[in-house]
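Colleague: To start, I am sharing the structure in question, which I have written as structure tokens.
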Amino acid sequence: MFVSKQQQVQAQSNLRRQVAMPGAPGEALAEPRDHKRKVALFVAHGMGQQVPFETMDCVAAGLMRIARKGGKPAAAIRAETCLVGGQKLQRIELDLRDEHDQPLEVHVYEGYWAPVTEGQVRIMDVMSFLLRGGFNGMRNAWKDFHRWMFGGAVNFGKQPRTGIFLTIASLAVISLIAANFLVTVMFADRLAARLKDMSGGAIFADQKFTALTTLVAGWVIYSVAIGALLYLAHRVRGRAWTLPLGVLLWGWVAYTIALGVVPPLALLGWIDVEAFGFQFFNTWSVPVWIALLVVSYVLRGVMIQFPGDVAAYISTHTLDRFQEIRTKIKESVGKVAKAIYASDEYEGVVWVGHSLGSVVVYDALNALIMDDELARKPARAVERTRLLVTFGSPLDKIAFIFASQWVSATETREALAASFQPLILDYERFRGIPWVNIWSPADIISGDLDFYDDPAKSNGREVRNLVDSRATTPLLAHVEYWDNRLLFEQIYAGVTRRDVAAAVAR
């Protein structure tokens, strides 16, 4: 582990920070900087991150720690609002040393898009997105998966393992919907029985109600215990937790599916559950069902906050308001990127995207390169882009799951879809840009990026997939990259490296 969250906060508090007044000369804050080479670093946050400038500050602090560990002198972090390429932007300035120990000034910018999705996604949108994605993925998994790239269709073969996982995930989502419906039905049934002064319920007999309440109580206890163990594992961090917690999580998924399957079967009389009930849970049935509602509410918030952002950005073909959201995200991120490249002070630009932010920067970089090519390269976008870093990225999963939108498409339509993605058009022209992807097996959202290269044509220019061995907590590994050295070492190397061609060769 690089540093714990607490150590990270302490380390950031130890870093010197200065704020420049608008229009003040840079020399007031540091040694004269006109002679220094300058590199821009553009970062986009992931889903569910709502705090402005937090991502920018984390990246800047991480780079400073790497510099100090390497024995390089680290000056203050400077925050500034300035005009760049005609746009008023906020940035963080760092003084580093390049790989030849020459002075280098790094400006960190942020593509902040969180407010665009805030409050725009409903739980039914998320459920629809997850179920549609699951069904699409299951349909794609049992036949050869083709993707149009680099001048032709690339066959990645069948993906049965992915199909099995998506089937299980879809069953879990359906079960959660069924469990919430069950709460309503059972409460209504008990309320009607009380009003009619009945000992049991009109639909659920007392013994059946006791058994199902016991089932629900077990699921609530299991869910709370899993949450506590995940939090503990995230705090202490270690690979010893990964396998046991993974097994427990699969058990939770199986229990969740049972929660949606058993009650309807019991109601139909297909299975007898009465022997499994404990009277204790019948006596305390109201707290049990309230606890289920509380856990369901927490899960609902997590699903809206995280998969909800993905749904809004990816599912533009299903709802007009999602198309508007995606357009706004692209515009807000794209205008910052265009301003950076419009400024001739930067000899290079490094792109960094976490989680859904990796999809956002992938789209933004493609759009910037395309616009630059059509305008005959005034910004020299490809030549000036030093590195693309994606981590915790769902790019491969999105490419696979939603490929079924092209199930009946002709090759011409698929080629057109690829035509506005220069990064999968031509290795010689566009993939001189080094691309590093960091992922963890414990992170269900991320994965290695296989669907963005043609092995027969890559010639050493494929995505460099790196496993972060210290992102170890199942589910929470998705945010643990920020605490580890690997991410910042890769960014630091990209920022301070002079020769992009050498980076590609590595």
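Each chain in the structure tokens gets a letter, A, B and so on, in the order shown; residues start at 1 in every chain, and ligands are counted from 1 in the order they appear.
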Find the spatial neighbours of Leu94 (chain A), counting only C-alpha atoms, within a cut-off of 6 Å - ignore same-chain residues fewer than 3 positions away - and output them as a PDB file with all heavy atoms, in the first residue's frame.

Modeller:
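File out-v8.pdb, as written:
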ATOM      1  N   ILE A  77       2.714  23.499  -3.837  1.00  0.00           N
ATOM      2  CA  ILE A  77       1.617  23.345  -4.795  1.00  0.00           C
ATOM      3  C   ILE A  77       0.930  24.692  -4.909  1.00  0.00           C
ATOM      4  O   ILE A  77       0.524  25.277  -3.907  1.00  0.00           O
ATOM      5  CB  ILE A  77       0.617  22.273  -4.317  1.00  0.00           C
ATOM      6  CG1 ILE A  77       1.271  20.886  -4.356  1.00  0.00           C
ATOM      7  CG2 ILE A  77      -0.643  22.282  -5.165  1.00  0.00           C
ATOM      8  CD1 ILE A  77       0.379  19.778  -3.835  1.00  0.00           C
ATOM      9  N   GLU A 105       7.641  22.350 -15.320  1.00  0.00           N
ATOM     10  CA  GLU A 105       6.436  22.865 -14.660  1.00  0.00           C
ATOM     11  C   GLU A 105       5.227  22.067 -15.159  1.00  0.00           C
ATOM     12  O   GLU A 105       5.023  21.916 -16.360  1.00  0.00           O
ATOM     13  CB  GLU A 105       6.258  24.352 -14.974  1.00  0.00           C
ATOM     14  CG  GLU A 105       5.163  25.004 -14.148  1.00  0.00           C
ATOM     15  CD  GLU A 105       5.174  26.520 -14.301  1.00  0.00           C
ATOM     16  OE1 GLU A 105       6.272  27.103 -14.431  1.00  0.00           O
ATOM     17  OE2 GLU A 105       4.075  27.112 -14.304  1.00  0.00           O
ATOM     18  N   VAL A 106       4.440  21.565 -14.221  1.00  0.00           N
ATOM     19  CA  VAL A 106       3.267  20.747 -14.537  1.00  0.00           C
ATOM     20  C   VAL A 106       2.014  21.481 -14.068  1.00  0.00           C
ATOM     21  O   VAL A 106       1.933  21.908 -12.917  1.00  0.00           O
ATOM     22  CB  VAL A 106       3.357  19.362 -13.857  1.00  0.00           C
ATOM     23  CG1 VAL A 106       2.128  18.529 -14.192  1.00  0.00           C
ATOM     24  CG2 VAL A 106       4.629  18.639 -14.289  1.00  0.00           C
TER      25      VAL A 106
END

Colleague: Excluding Ala172 (chain A) and residues on its chain fewer than 2 positions from it, collect all residues at most 8 Å away from it, counting only C-alpha atoms, and give them as a list of chain:residue names.

Modeller: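 The residues satisfying every condition are A:Ile168, A:Ala169, A:Ser170, A:Ile174, A:Ser175, A:Leu176, A:Val253, A:Ala254, A:Thr256, A:Ile257.
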
Colleague: Suppose we keep all heavy atoms; can you now write the selection as an mmCIF file, in the first residue's frame?

Modeller:
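Okay, selection.cif is ready:
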data_model
loop_
_atom_site.group_PDB
_atom_site.id
_atom_site.type_symbol
_atom_site.label_atom_id
_atom_site.label_comp_id
_atom_site.auth_asym_id
_atom_site.auth_seq_id
_atom_site.Cartn_x
_atom_site.Cartn_y
_atom_site.Cartn_z
ATOM 1 N N ILE A 168 -25.958 -14.210 -13.530
ATOM 2 C CA ILE A 168 -26.085 -14.174 -12.073
ATOM 3 C C ILE A 168 -26.394 -12.755 -11.600
ATOM 4 O O ILE A 168 -27.255 -12.546 -10.729
ATOM 5 C CB ILE A 168 -24.796 -14.702 -11.419
ATOM 6 C CG1 ILE A 168 -24.606 -16.184 -11.762
ATOM 7 C CG2 ILE A 168 -24.827 -14.494 -9.911
ATOM 8 C CD1 ILE A 168 -23.265 -16.739 -11.327
ATOM 9 N N ALA A 169 -25.695 -11.767 -12.181
ATOM 10 C CA ALA A 169 -25.938 -10.375 -11.788
ATOM 11 C C ALA A 169 -27.368 -9.946 -12.112
ATOM 12 O O ALA A 169 -28.015 -9.259 -11.312
ATOM 13 C CB ALA A 169 -24.945 -9.455 -12.498
ATOM 14 N N SER A 170 -27.887 -10.367 -13.269
ATOM 15 C CA SER A 170 -29.262 -10.013 -13.646
ATOM 16 C C SER A 170 -30.272 -10.653 -12.695
ATOM 17 O O SER A 170 -31.259 -10.017 -12.302
ATOM 18 C CB SER A 170 -29.539 -10.468 -15.086
ATOM 19 O OG SER A 170 -28.685 -9.805 -15.992
ATOM 20 N N ILE A 174 -33.019 -8.652 -10.372
ATOM 21 C CA ILE A 174 -34.444 -9.013 -10.384
ATOM 22 C C ILE A 174 -34.904 -9.389 -8.981
ATOM 23 O O ILE A 174 -36.013 -9.022 -8.552
ATOM 24 C CB ILE A 174 -34.691 -10.167 -11.370
ATOM 25 C CG1 ILE A 174 -34.432 -9.698 -12.804
ATOM 26 C CG2 ILE A 174 -36.116 -10.702 -11.247
ATOM 27 C CD1 ILE A 174 -34.432 -10.809 -13.828
ATOM 28 N N SER A 175 -34.072 -10.099 -8.236
ATOM 29 C CA SER A 175 -34.422 -10.514 -6.883
ATOM 30 C C SER A 175 -34.567 -9.324 -5.948
ATOM 31 O O SER A 175 -35.438 -9.318 -5.068
ATOM 32 C CB SER A 175 -33.370 -11.488 -6.341
ATOM 33 O OG SER A 175 -33.352 -12.675 -7.101
ATOM 34 N N LEU A 176 -33.714 -8.316 -6.103
ATOM 35 C CA LEU A 176 -33.845 -7.114 -5.291
ATOM 36 C C LEU A 176 -35.175 -6.414 -5.561
ATOM 37 O O LEU A 176 -35.840 -5.924 -4.641
ATOM 38 C CB LEU A 176 -32.686 -6.158 -5.565
ATOM 39 C CG LEU A 176 -31.332 -6.540 -4.957
ATOM 40 C CD1 LEU A 176 -30.247 -5.606 -5.459
ATOM 41 C CD2 LEU A 176 -31.397 -6.496 -3.430
ATOM 42 N N VAL A 253 -24.685 -12.885 -2.973
ATOM 43 C CA VAL A 253 -25.419 -12.864 -4.243
ATOM 44 C C VAL A 253 -26.412 -14.022 -4.304
ATOM 45 O O VAL A 253 -27.584 -13.850 -4.701
ATOM 46 C CB VAL A 253 -24.435 -12.921 -5.436
ATOM 47 C CG1 VAL A 253 -25.189 -13.126 -6.749
ATOM 48 C CG2 VAL A 253 -23.603 -11.646 -5.499
ATOM 49 N N ALA A 254 -25.956 -15.223 -3.886
ATOM 50 C CA ALA A 254 -26.851 -16.389 -3.891
ATOM 51 C C ALA A 254 -28.032 -16.169 -2.942
ATOM 52 O O ALA A 254 -29.180 -16.511 -3.266
ATOM 53 C CB ALA A 254 -26.071 -17.636 -3.481
ATOM 54 N N THR A 256 -29.272 -13.291 -2.062
ATOM 55 C CA THR A 256 -30.136 -12.259 -2.659
ATOM 56 C C THR A 256 -31.059 -12.865 -3.709
ATOM 57 O O THR A 256 -32.250 -12.525 -3.777
ATOM 58 C CB THR A 256 -29.269 -11.154 -3.289
ATOM 59 O OG1 THR A 256 -28.420 -10.586 -2.282
ATOM 60 C CG2 THR A 256 -30.140 -10.061 -3.898
ATOM 61 N N ILE A 257 -30.513 -13.771 -4.517
ATOM 62 C CA ILE A 257 -31.346 -14.446 -5.517
ATOM 63 C C ILE A 257 -32.422 -15.266 -4.824
ATOM 64 O O ILE A 257 -33.596 -15.263 -5.228
ATOM 65 C CB ILE A 257 -30.467 -15.326 -6.432
ATOM 66 C CG1 ILE A 257 -29.536 -14.435 -7.280
ATOM 67 C CG2 ILE A 257 -31.337 -16.197 -7.343
ATOM 68 C CD1 ILE A 257 -28.513 -15.211 -8.085
#

Colleague: Could you name the residues that touch region 421-424 of chain A at 9 Å or less, counting only C-alpha atoms, but leaving out those on the same chain fewer than 5 positions away, as a PDB file with all heavy atoms, in the first residue's frame?

Modeller:
ATOM      1  N   TRP A 148     -15.348  -3.777 -34.888  1.00  0.00           N
ATOM      2  CA  TRP A 148     -14.702  -3.157 -36.046  1.00  0.00           C
ATOM      3  C   TRP A 148     -13.588  -2.227 -35.573  1.00  0.00           C
ATOM      4  O   TRP A 148     -13.831  -1.226 -34.900  1.00  0.00           O
ATOM      5  CB  TRP A 148     -15.713  -2.374 -36.875  1.00  0.00           C
ATOM      6  CG  TRP A 148     -15.117  -1.859 -38.153  1.00  0.00           C
ATOM      7  CD1 TRP A 148     -14.387  -0.724 -38.308  1.00  0.00           C
ATOM      8  CD2 TRP A 148     -15.175  -2.477 -39.431  1.00  0.00           C
ATOM      9  NE1 TRP A 148     -13.983  -0.585 -39.613  1.00  0.00           N
ATOM     10  CE2 TRP A 148     -14.453  -1.648 -40.334  1.00  0.00           C
ATOM     11  CE3 TRP A 148     -15.765  -3.635 -39.909  1.00  0.00           C
ATOM     12  CZ2 TRP A 148     -14.317  -1.945 -41.669  1.00  0.00           C
ATOM     13  CZ3 TRP A 148     -15.628  -3.931 -41.257  1.00  0.00           C
ATOM     14  CH2 TRP A 148     -14.909  -3.090 -42.122  1.00  0.00           C
ATOM     15  N   MET A 149     -12.363  -2.553 -35.913  1.00  0.00           N
ATOM     16  CA  MET A 149     -11.202  -1.752 -35.514  1.00  0.00           C
ATOM     17  C   MET A 149     -10.098  -1.883 -36.551  1.00  0.00           C
ATOM     18  O   MET A 149      -9.962  -2.935 -37.181  1.00  0.00           O
ATOM     19  CB  MET A 149     -10.644  -2.235 -34.154  1.00  0.00           C
ATOM     20  CG  MET A 149     -11.579  -2.122 -32.979  1.00  0.00           C
ATOM     21  SD  MET A 149     -10.731  -2.503 -31.407  1.00  0.00           S
ATOM     22  CE  MET A 149     -10.156  -4.157 -31.732  1.00  0.00           C
ATOM     23  N   PHE A 150      -9.362  -0.815 -36.709  1.00  0.00           N
ATOM     24  CA  PHE A 150      -8.147  -0.821 -37.519  1.00  0.00           C
ATOM     25  C   PHE A 150      -8.376  -1.415 -38.910  1.00  0.00           C
ATOM     26  O   PHE A 150      -7.600  -2.230 -39.415  1.00  0.00           O
ATOM     27  CB  PHE A 150      -7.019  -1.556 -36.786  1.00  0.00           C
ATOM     28  CG  PHE A 150      -6.758  -0.985 -35.421  1.00  0.00           C
ATOM     29  CD1 PHE A 150      -7.142  -1.680 -34.283  1.00  0.00           C
ATOM     30  CD2 PHE A 150      -6.162   0.255 -35.273  1.00  0.00           C
ATOM     31  CE1 PHE A 150      -6.929  -1.155 -33.020  1.00  0.00           C
ATOM     32  CE2 PHE A 150      -5.934   0.791 -34.022  1.00  0.00           C
ATOM     33  CZ  PHE A 150      -6.321   0.084 -32.893  1.00  0.00           C
ATOM     34  N   GLY A 151      -9.496  -1.008 -39.520  1.00  0.00           N
ATOM     35  CA  GLY A 151      -9.756  -1.353 -40.913  1.00  0.00           C
ATOM     36  C   GLY A 151     -10.481  -2.657 -41.151  1.00  0.00           C
ATOM     37  O   GLY A 151     -10.634  -3.066 -42.312  1.00  0.00           O
ATOM     38  N   TYR A 362     -11.648   9.068 -22.838  1.00  0.00           N
ATOM     39  CA  TYR A 362     -11.498   8.348 -24.110  1.00  0.00           C
ATOM     40  C   TYR A 362     -12.306   9.039 -25.205  1.00  0.00           C
ATOM     41  O   TYR A 362     -11.801   9.282 -26.310  1.00  0.00           O
ATOM     42  CB  TYR A 362     -11.947   6.899 -23.944  1.00  0.00           C
ATOM     43  CG  TYR A 362     -11.948   6.100 -25.231  1.00  0.00           C
ATOM     44  CD1 TYR A 362     -10.779   5.569 -25.740  1.00  0.00           C
ATOM     45  CD2 TYR A 362     -13.136   5.875 -25.930  1.00  0.00           C
ATOM     46  CE1 TYR A 362     -10.774   4.835 -26.925  1.00  0.00           C
ATOM     47  CE2 TYR A 362     -13.141   5.146 -27.109  1.00  0.00           C
ATOM     48  CZ  TYR A 362     -11.963   4.628 -27.606  1.00  0.00           C
ATOM     49  OH  TYR A 362     -11.977   3.917 -28.776  1.00  0.00           O
ATOM     50  N   ASP A 363     -13.547   9.382 -24.902  1.00  0.00           N
ATOM     51  CA  ASP A 363     -14.379  10.088 -25.884  1.00  0.00           C
ATOM     52  C   ASP A 363     -13.824  11.475 -26.192  1.00  0.00           C
ATOM     53  O   ASP A 363     -13.798  11.903 -27.353  1.00  0.00           O
ATOM     54  CB  ASP A 363     -15.814  10.218 -25.353  1.00  0.00           C
ATOM     55  CG  ASP A 363     -16.573   8.897 -25.398  1.00  0.00           C
ATOM     56  OD1 ASP A 363     -16.114   7.973 -26.099  1.00  0.00           O
ATOM     57  OD2 ASP A 363     -17.625   8.799 -24.744  1.00  0.00           O
ATOM     58  N   LEU A 365     -10.711  12.625 -25.885  1.00  0.00           N
ATOM     59  CA  LEU A 365      -9.455  12.579 -26.644  1.00  0.00           C
ATOM     60  C   LEU A 365      -9.720  12.203 -28.092  1.00  0.00           C
ATOM     61  O   LEU A 365      -9.121  12.786 -29.015  1.00  0.00           O
ATOM     62  CB  LEU A 365      -8.498  11.582 -25.990  1.00  0.00           C
ATOM     63  CG  LEU A 365      -7.122  11.415 -26.652  1.00  0.00           C
ATOM     64  CD1 LEU A 365      -6.407  12.748 -26.782  1.00  0.00           C
ATOM     65  CD2 LEU A 365      -6.266  10.420 -25.870  1.00  0.00           C
ATOM     66  N   ASN A 366     -10.603  11.260 -28.322  1.00  0.00           N
ATOM     67  CA  ASN A 366     -10.969  10.903 -29.699  1.00  0.00           C
ATOM     68  C   ASN A 366     -11.551  12.093 -30.437  1.00  0.00           C
ATOM     69  O   ASN A 366     -11.210  12.360 -31.596  1.00  0.00           O
ATOM     70  CB  ASN A 366     -11.968   9.748 -29.690  1.00  0.00           C
ATOM     71  CG  ASN A 366     -11.300   8.384 -29.634  1.00  0.00           C
ATOM     72  OD1 ASN A 366     -10.383   8.098 -30.391  1.00  0.00           O
ATOM     73  ND2 ASN A 366     -11.761   7.530 -28.738  1.00  0.00           N
ATOM     74  N   ALA A 367     -12.458  12.818 -29.772  1.00  0.00           N
ATOM     75  CA  ALA A 367     -13.091  13.980 -30.407  1.00  0.00           C
ATOM     76  C   ALA A 367     -12.057  15.055 -30.714  1.00  0.00           C
ATOM     77  O   ALA A 367     -12.089  15.689 -31.787  1.00  0.00           O
ATOM     78  CB  ALA A 367     -14.183  14.535 -29.495  1.00  0.00           C
ATOM     79  N   ILE A 369      -8.777  14.650 -31.215  1.00  0.00           N
ATOM     80  CA  ILE A 369      -7.918  14.207 -32.321  1.00  0.00           C
ATOM     81  C   ILE A 369      -8.655  14.335 -33.648  1.00  0.00           C
ATOM     82  O   ILE A 369      -8.087  14.801 -34.650  1.00  0.00           O
ATOM     83  CB  ILE A 369      -7.468  12.752 -32.089  1.00  0.00           C
ATOM     84  CG1 ILE A 369      -6.525  12.669 -30.890  1.00  0.00           C
ATOM     85  CG2 ILE A 369      -6.777  12.193 -33.342  1.00  0.00           C
ATOM     86  CD1 ILE A 369      -6.172  11.250 -30.487  1.00  0.00           C
ATOM     87  N   MET A 370      -9.933  13.930 -33.669  1.00  0.00           N
ATOM     88  CA  MET A 370     -10.713  14.009 -34.906  1.00  0.00           C
ATOM     89  C   MET A 370     -10.839  15.450 -35.387  1.00  0.00           C
ATOM     90  O   MET A 370     -10.637  15.746 -36.572  1.00  0.00           O
ATOM     91  CB  MET A 370     -12.093  13.386 -34.679  1.00  0.00           C
ATOM     92  CG  MET A 370     -12.992  13.407 -35.911  1.00  0.00           C
ATOM     93  SD  MET A 370     -12.277  12.505 -37.314  1.00  0.00           S
ATOM     94  CE  MET A 370     -12.246  10.829 -36.664  1.00  0.00           C
ATOM     95  N   ARG A 429      -0.921   6.217 -37.266  1.00  0.00           N
ATOM     96  CA  ARG A 429      -1.261   7.641 -37.163  1.00  0.00           C
ATOM     97  C   ARG A 429      -1.654   8.053 -35.751  1.00  0.00           C
ATOM     98  O   ARG A 429      -1.353   9.181 -35.325  1.00  0.00           O
ATOM     99  CB  ARG A 429      -2.407   7.975 -38.124  1.00  0.00           C
ATOM    100  CG  ARG A 429      -2.024   7.907 -39.584  1.00  0.00           C
ATOM    101  CD  ARG A 429      -3.221   8.234 -40.461  1.00  0.00           C
ATOM    102  NE  ARG A 429      -3.749   9.580 -40.223  1.00  0.00           N
ATOM    103  CZ  ARG A 429      -4.884  10.038 -40.734  1.00  0.00           C
ATOM    104  NH1 ARG A 429      -5.621   9.256 -41.500  1.00  0.00           N
ATOM    105  NH2 ARG A 429      -5.286  11.260 -40.484  1.00  0.00           N
ATOM    106  N   PHE A 430      -2.351   7.165 -35.018  1.00  0.00           N
ATOM    107  CA  PHE A 430      -2.967   7.621 -33.772  1.00  0.00           C
ATOM    108  C   PHE A 430      -2.524   6.871 -32.518  1.00  0.00           C
ATOM    109  O   PHE A 430      -2.801   7.340 -31.413  1.00  0.00           O
ATOM    110  CB  PHE A 430      -4.489   7.528 -33.886  1.00  0.00           C
ATOM    111  CG  PHE A 430      -5.056   8.250 -35.080  1.00  0.00           C
ATOM    112  CD1 PHE A 430      -5.760   7.573 -36.054  1.00  0.00           C
ATOM    113  CD2 PHE A 430      -4.860   9.613 -35.221  1.00  0.00           C
ATOM    114  CE1 PHE A 430      -6.277   8.242 -37.153  1.00  0.00           C
ATOM    115  CE2 PHE A 430      -5.364  10.291 -36.320  1.00  0.00           C
ATOM    116  CZ  PHE A 430      -6.082   9.604 -37.291  1.00  0.00           C
ATOM    117  N   ARG A 431      -1.876   5.726 -32.663  1.00  0.00           N
ATOM    118  CA  ARG A 431      -1.515   5.007 -31.463  1.00  0.00           C
ATOM    119  C   ARG A 431      -0.030   5.097 -31.134  1.00  0.00           C
ATOM    120  O   ARG A 431       0.533   4.218 -30.475  1.00  0.00           O
ATOM    121  CB  ARG A 431      -1.966   3.542 -31.578  1.00  0.00           C
ATOM    122  CG  ARG A 431      -3.462   3.371 -31.429  1.00  0.00           C
ATOM    123  CD  ARG A 431      -3.968   3.678 -30.036  1.00  0.00           C
ATOM    124  NE  ARG A 431      -3.627   2.621 -29.121  1.00  0.00           N
ATOM    125  CZ  ARG A 431      -4.368   1.531 -28.969  1.00  0.00           C
ATOM    126  NH1 ARG A 431      -5.506   1.377 -29.628  1.00  0.00           N
ATOM    127  NH2 ARG A 431      -4.001   0.599 -28.124  1.00  0.00           N
ATOM    128  N   ILE A 433       0.455   7.290 -29.190  1.00  0.00           N
ATOM    129  CA  ILE A 433       0.161   7.721 -27.822  1.00  0.00           C
ATOM    130  C   ILE A 433       0.229   6.501 -26.900  1.00  0.00           C
ATOM    131  O   ILE A 433      -0.539   5.554 -27.073  1.00  0.00           O
ATOM    132  CB  ILE A 433      -1.242   8.360 -27.743  1.00  0.00           C
ATOM    133  CG1 ILE A 433      -1.339   9.561 -28.675  1.00  0.00           C
ATOM    134  CG2 ILE A 433      -1.585   8.741 -26.314  1.00  0.00           C
ATOM    135  CD1 ILE A 433      -2.761  10.099 -28.824  1.00  0.00           C
ATOM    136  N   TYR A 452      -9.645  -3.138 -27.478  1.00  0.00           N
ATOM    137  CA  TYR A 452      -9.213  -1.898 -28.128  1.00  0.00           C
ATOM    138  C   TYR A 452      -7.927  -2.105 -28.925  1.00  0.00           C
ATOM    139  O   TYR A 452      -7.260  -1.136 -29.295  1.00  0.00           O
ATOM    140  CB  TYR A 452      -9.035  -0.785 -27.071  1.00  0.00           C
ATOM    141  CG  TYR A 452     -10.368  -0.349 -26.515  1.00  0.00           C
ATOM    142  CD1 TYR A 452     -10.994  -1.081 -25.515  1.00  0.00           C
ATOM    143  CD2 TYR A 452     -11.041   0.751 -27.037  1.00  0.00           C
ATOM    144  CE1 TYR A 452     -12.233  -0.725 -25.030  1.00  0.00           C
ATOM    145  CE2 TYR A 452     -12.281   1.122 -26.556  1.00  0.00           C
ATOM    146  CZ  TYR A 452     -12.882   0.380 -25.562  1.00  0.00           C
ATOM    147  OH  TYR A 452     -14.118   0.749 -25.091  1.00  0.00           O
ATOM    148  N   ASP A 453      -7.615  -3.377 -29.187  1.00  0.00           N
ATOM    149  CA  ASP A 453      -6.420  -3.694 -29.967  1.00  0.00           C
ATOM    150  C   ASP A 453      -6.678  -4.878 -30.887  1.00  0.00           C
ATOM    151  O   ASP A 453      -7.459  -5.777 -30.550  1.00  0.00           O
ATOM    152  CB  ASP A 453      -5.249  -4.034 -29.037  1.00  0.00           C
ATOM    153  CG  ASP A 453      -4.597  -2.810 -28.441  1.00  0.00           C
ATOM    154  OD1 ASP A 453      -4.155  -1.933 -29.212  1.00  0.00           O
ATOM    155  OD2 ASP A 453      -4.547  -2.716 -27.196  1.00  0.00           O
ATOM    156  N   ASP A 454      -6.004  -4.864 -32.023  1.00  0.00           N
ATOM    157  CA  ASP A 454      -5.965  -6.013 -32.924  1.00  0.00           C
ATOM    158  C   ASP A 454      -4.580  -6.624 -32.787  1.00  0.00           C
ATOM    159  O   ASP A 454      -3.589  -6.045 -33.256  1.00  0.00           O
ATOM    160  CB  ASP A 454      -6.222  -5.564 -34.364  1.00  0.00           C
ATOM    161  CG  ASP A 454      -6.219  -6.727 -35.348  1.00  0.00           C
ATOM    162  OD1 ASP A 454      -5.890  -7.860 -34.932  1.00  0.00           O
ATOM    163  OD2 ASP A 454      -6.540  -6.504 -36.529  1.00  0.00           O
TER     164      ASP A 454
END

Colleague: How many Å separate CA of Thr283 (chain A) from CA of Leu268 (chain A)?

Modeller: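 Between CA of Thr283 (chain A) and CA of Leu268 (chain A) the gap is 24.7 Å.
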
Colleague: Quick one: of A:Ile177, A:Leu89, A:Ala291, A:Ala240, who's nearest to Ile221 (chain A), counting only C-alpha atoms?

Modeller: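 Looking at the shortest contact to Ile221 (chain A), the residue is A:Ala291.
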
Colleague: Please determine, counting only C-alpha atoms, which residue among A:Arg239, A:Arg97, A:Arg37, A:His45 has the shortest atom-to-atom distance to Trp482 (chain A).

Modeller: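 Looking at the shortest contact to Trp482 (chain A), the residue is A:His45.
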
Colleague: Can you list, as a ChimeraX atom specification, all residues belonging to region 195-279 of chain A that DSSP tags as alpha helix (DSSP H)?

Modeller: /A:195,206-236,242-267,279

Colleague: Grab the residues selected above and save them as a CSV table (one decimal), in the first residue's frame with C-alpha atoms.

Modeller:
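Generated file (selection09.csv):
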chain,number,residue,atom,x,y,z
A,195,LEU,CA,-58.1,-4.6,10.5
A,206,ASP,CA,-48.7,-17.1,10.2
A,207,GLN,CA,-46.2,-20.0,9.8
A,208,LYS,CA,-45.3,-18.9,6.3
A,209,PHE,CA,-45.0,-15.3,7.4
A,210,THR,CA,-42.6,-16.4,10.2
A,211,ALA,CA,-40.5,-18.4,7.7
A,212,LEU,CA,-40.2,-15.5,5.2
A,213,THR,CA,-39.5,-13.0,7.9
A,214,THR,CA,-36.7,-15.3,9.1
A,215,LEU,CA,-35.4,-15.4,5.5
A,216,VAL,CA,-35.4,-11.6,5.3
A,217,ALA,CA,-33.8,-11.2,8.8
A,218,GLY,CA,-31.0,-13.5,7.7
A,219,TRP,CA,-30.4,-11.5,4.5
A,220,VAL,CA,-30.3,-8.2,6.5
A,221,ILE,CA,-27.8,-9.6,9.0
A,222,TYR,CA,-25.7,-11.0,6.2
A,223,SER,CA,-25.7,-7.7,4.3
A,224,VAL,CA,-24.7,-5.7,7.4
A,225,ALA,CA,-22.0,-8.1,8.2
A,226,ILE,CA,-20.6,-8.1,4.7
A,227,GLY,CA,-20.6,-4.3,4.7
A,228,ALA,CA,-18.7,-4.2,8.0
A,229,LEU,CA,-16.1,-6.7,6.8
A,230,LEU,CA,-15.6,-4.9,3.6
A,231,TYR,CA,-15.0,-1.6,5.5
A,232,LEU,CA,-12.6,-3.4,7.8
A,233,ALA,CA,-10.7,-5.0,5.0
A,234,HIS,CA,-10.5,-1.6,3.2
A,235,ARG,CA,-9.0,0.0,6.3
A,236,VAL,CA,-6.4,-2.6,7.0
A,242,THR,CA,-9.5,-11.0,-1.0
A,243,LEU,CA,-10.5,-14.7,-1.4
A,244,PRO,CA,-12.6,-15.1,1.9
A,245,LEU,CA,-14.5,-11.9,1.1
A,246,GLY,CA,-15.0,-12.9,-2.5
A,247,VAL,CA,-16.5,-16.2,-1.3
A,248,LEU,CA,-18.8,-14.4,1.2
A,249,LEU,CA,-19.9,-11.9,-1.6
A,250,TRP,CA,-20.8,-14.8,-3.9
A,251,GLY,CA,-22.8,-16.2,-0.9
A,252,TRP,CA,-24.5,-12.8,-0.6
A,253,VAL,CA,-25.4,-12.9,-4.2
A,254,ALA,CA,-26.9,-16.4,-3.9
A,255,TYR,CA,-28.8,-15.3,-0.8
A,256,THR,CA,-30.1,-12.3,-2.7
A,257,ILE,CA,-31.3,-14.4,-5.5
A,258,ALA,CA,-33.0,-16.7,-3.0
A,259,LEU,CA,-34.7,-13.7,-1.4
A,260,GLY,CA,-36.4,-13.0,-4.7
A,261,VAL,CA,-37.2,-16.7,-5.7
A,262,VAL,CA,-38.2,-18.4,-2.5
A,263,PRO,CA,-41.2,-16.2,-1.5
A,264,PRO,CA,-43.1,-16.5,-4.8
A,265,LEU,CA,-42.5,-20.2,-4.8
A,266,ALA,CA,-43.7,-20.5,-1.2
A,267,LEU,CA,-46.8,-18.4,-2.1
A,279,GLN,CA,-40.8,-17.3,16.2

Colleague: Taking into account only C-alpha atoms, which residue in the set A:Met127, A:Val294, A:Ala312, A:Gly353 is nearest to Val183 (chain A)?

Modeller: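 Looking only at the distances to Val183 (chain A), the closest residue turns out to be A:Val294.
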
Colleague: Would you work out the distance separating CA of Met124 (chain A) from CA of Ile325 (chain A), expressed in Å to one decimal?

Modeller: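 About the pair CA of Met124 (chain A) and CA of Ile325 (chain A): they are 17.1 Å apart.
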